[in-house]
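Peer 1: First the structure, which I've put down as structure tokens, then a few questions once you've had a look.
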Amino acid sequence: MNTPMAISATHFTLFHKTSLLFHKRCFRSFTFSTPFSSSSSSSLSVQKLGRQKWRQPVVSVLEIGGVKIGKDDVVRDDPTNNVPDTIFSKLGMQLHRRDQHPIGILKNAIYDYFDSNYLNKFEKFDHLCPIVSVKENFDDVLVPADHVSRSYNDTYYIDAQTVLRCHTSAHQAELLRRGHTHFLVTGDVYRRDSIDSTHYPVFHQMEGVRVFSPDDWEASGMDATSYAAGDLKKCLEGLACQLFGSVEMRWVDTYFPFTNPSFELEIYFQEKWLEVLGCGVTEQEILKRSGKNDNVAWAFGLGLERLAMVLFEIPDIRLFWSTDERFTSQFSKGQLGVKFKPFSKFPPCYKDMSFWVNDSFTENNLCEVVRGVAGDLVEEVQLIDNFTNEKGMTSHCYRIAYRSMERSLTDEEINQLQWNVREQAQSKLNVVLR
Ligand code: PHE
């Protein structure tokens, strides 16, 4: 998530902050599924999906968790929709369900940890549809009405009531309502964001939830919240140890709308403290609404790419999407932490562009334009200069780094990309090039 104060490099920070006031440059980090498809509250209506069946789709139709989704169910030329084609193409990829992919390998290793420490008690969901209602994504987990994460600048909206989940917490409330008490939810999550080697608009999270009943904490002599918090920390420290070996780690207090108290776990890796997950004791209101007022629970959400980049030494988040055999062939089922060997390093090419911005300009919108033109050939978009003249006009200069992970790019190709970016920035964002 992208707020201005975030310094660490994870995808969690979206929910750290309480209001709309902070933005920029932080890392932020929410059914339709077989179990949910029949009675899901998702606003992709049954009627609509029905229509899709008989009308031959012009473009592909995806099937996720038994539900068919056509491109025009997700991408529409309508002011309430901000999902680009490039994002639709990621919807059915399901990297977390591939046993030979670093994301799938990591998911399985975490499953193993839970299976062996909790005697298979945790149920696993990894096929829940990423299209969810605003209610599921935000309201059900108590995200305030004015929270930055709800904005069109930060979240992909299909229509005013439907989004691409921006965290796996979107499924918490419904699963609790359905009576599940120990579960892990893994899935692709979507956030409009800045561009650099650790940010990509689609990434994967795993959510964990455990519900306790009074018997559990009463015997301990502790109050329910302290008991749950202690159990949560023990569980996650054990997981970090299993994944990373004996590493130095620390807990940092933080804020999430859905947990209280809330924590982040950081691990010391390659001379830096890395934020690897967010967690906390579930807000009682969430339990109450799901008919569990006598219980307490904990929840965590971890970013799989972030952990996998560290474990497999994968230097750039775009690589997870590579279909190049030189990438894919390096990983195999059950092999956690095999170190990735870069197949070769191609030089980046930098292009600067300066323009006068208007009030509606945002960096996330610029990044969307750049990705729309250059796709995964863009490595980083960085603000390198920013000033306001005496007439009150503000100019930004962005440096765009183009680099392919797979081949050398020609000057001609890069010039063409940059030219298209300039054109589209002008026409779509109404900026005035300098
Ligand atoms: N949903 C949070 C995020 O994406 C992570 C989280 C999950 C935090 C569960 C606390 C409990 O930033």
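Chain identifiers are assigned as A, B, and so on, following the order in which chains appear in the structure tokens; residues are numbered from 1 within each chain, and ligands are numbered from 1 in order of appearance.
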Please identify all polymer residues within 12 Å of Asn420 (chain A), counting only C-alpha atoms, omitting same-chain residues fewer than 3 positions from it, and present them as number ranges by chain.
Peer 2: A: 353, 369-374, 413-417, 423-428
Peer 1: Put those residues in a file: C-alpha atoms, as a short mmCIF file (atom, residue, chain, number, x, y, z; two decimals), in the first residue's frame.
Peer 2:
```cif
data_model
loop_
_atom_site.label_atom_id
_atom_site.label_comp_id
_atom_site.auth_asym_id
_atom_site.auth_seq_id
_atom_site.Cartn_x
_atom_site.Cartn_y
_atom_site.Cartn_z
CA MET A 353 9.35 13.18 -18.66
CA VAL A 369 -0.85 4.55 -18.02
CA VAL A 370 2.78 3.43 -18.08
CA ARG A 371 1.87 -0.19 -17.41
CA GLY A 372 -0.84 0.00 -20.05
CA VAL A 373 1.78 0.98 -22.62
CA ALA A 374 4.87 -0.90 -21.48
CA GLU A 413 11.47 0.01 -29.05
CA ILE A 414 12.08 2.10 -25.93
CA ASN A 415 11.66 5.38 -27.80
CA GLN A 416 8.35 4.14 -29.14
CA LEU A 417 7.19 3.14 -25.65
CA GLU A 423 0.88 10.76 -25.62
CA GLN A 424 -1.34 8.81 -23.27
CA ALA A 425 -0.32 10.82 -20.23
CA GLN A 426 -1.48 13.88 -22.15
CA SER A 427 -4.73 12.44 -23.42
CA LYS A 428 -5.77 10.35 -20.42
#
```
Peer 1: Hey, could you make a per-residue contact list for region 169-247 of chain A against region 156-160 of chain A with 12 Å as the cut-off, showing the nearest pair of atoms and its distance in Å to one decimal, counting only C-alpha atoms, sorted by chain and number, as a Markdown table?
Peer 2:
```
| residue | atom | partner | partner_atom | distance |
| --- | --- | --- | --- | --- |
| A:Val189 | CA | A:Tyr156 | CA | 10.1 |
| A:Tyr190 | CA | A:Tyr156 | CA | 6.9 |
| A:Arg191 | CA | A:Tyr156 | CA | 6.6 |
| A:Arg192 | CA | A:Tyr156 | CA | 6.7 |
| A:Asp193 | CA | A:Tyr156 | CA | 10.4 |
| A:Pro201 | CA | A:Tyr156 | CA | 9.5 |
| A:Val202 | CA | A:Tyr156 | CA | 10.6 |
```
Peer 1: Pull the strand (DSSP E) assignments for region 207-318 of chain A out of DSSP run on the backbone, and list those residues as JSON, numbers by chain.
Peer 2: {"A": [207, 208, 209, 210, 211, 212, 249, 250, 251, 252, 253, 254, 255, 256, 259, 260, 261, 262, 263, 264, 265, 266, 267, 268, 269, 272, 273, 274, 275, 276, 277, 278, 279, 280, 281, 282, 296, 297, 298, 299, 300, 301, 302, 303]}
Peer 1: My list of candidates is A:Leu176, A:Val378, A:Leu106, A:Ala170. Which is closest to ligand 1 when distances are computed with only C-alpha atoms and all ligand atoms?
Peer 2: A:Ala170
Peer 1: Which residues, written as a count of residues only, have at least one atom at most 12 Å from Asp231 (chain A), with only C-alpha atoms counted and residues fewer than 2 positions away on the same chain left out?
Peer 2: 27
Peer 1: Identify all residues of region 65-285 of chain A in helix (DSSP H, G or I) (DSSP on the backbone) and supply them as JSON, numbers by chain.
Peer 2: {"A": [71, 72, 73, 74, 85, 86, 87, 88, 95, 96, 97, 102, 103, 104, 105, 106, 107, 108, 109, 110, 111, 112, 113, 114, 115, 116, 117, 134, 135, 136, 137, 139, 140, 141, 148, 149, 150, 168, 169, 170, 171, 172, 173, 174, 175, 176, 177, 214, 215, 216, 217, 218, 224, 225, 226, 227, 228, 229, 230, 231, 232, 233, 234, 235, 236, 237, 238, 239, 240, 241, 242, 243, 244, 284, 285]}
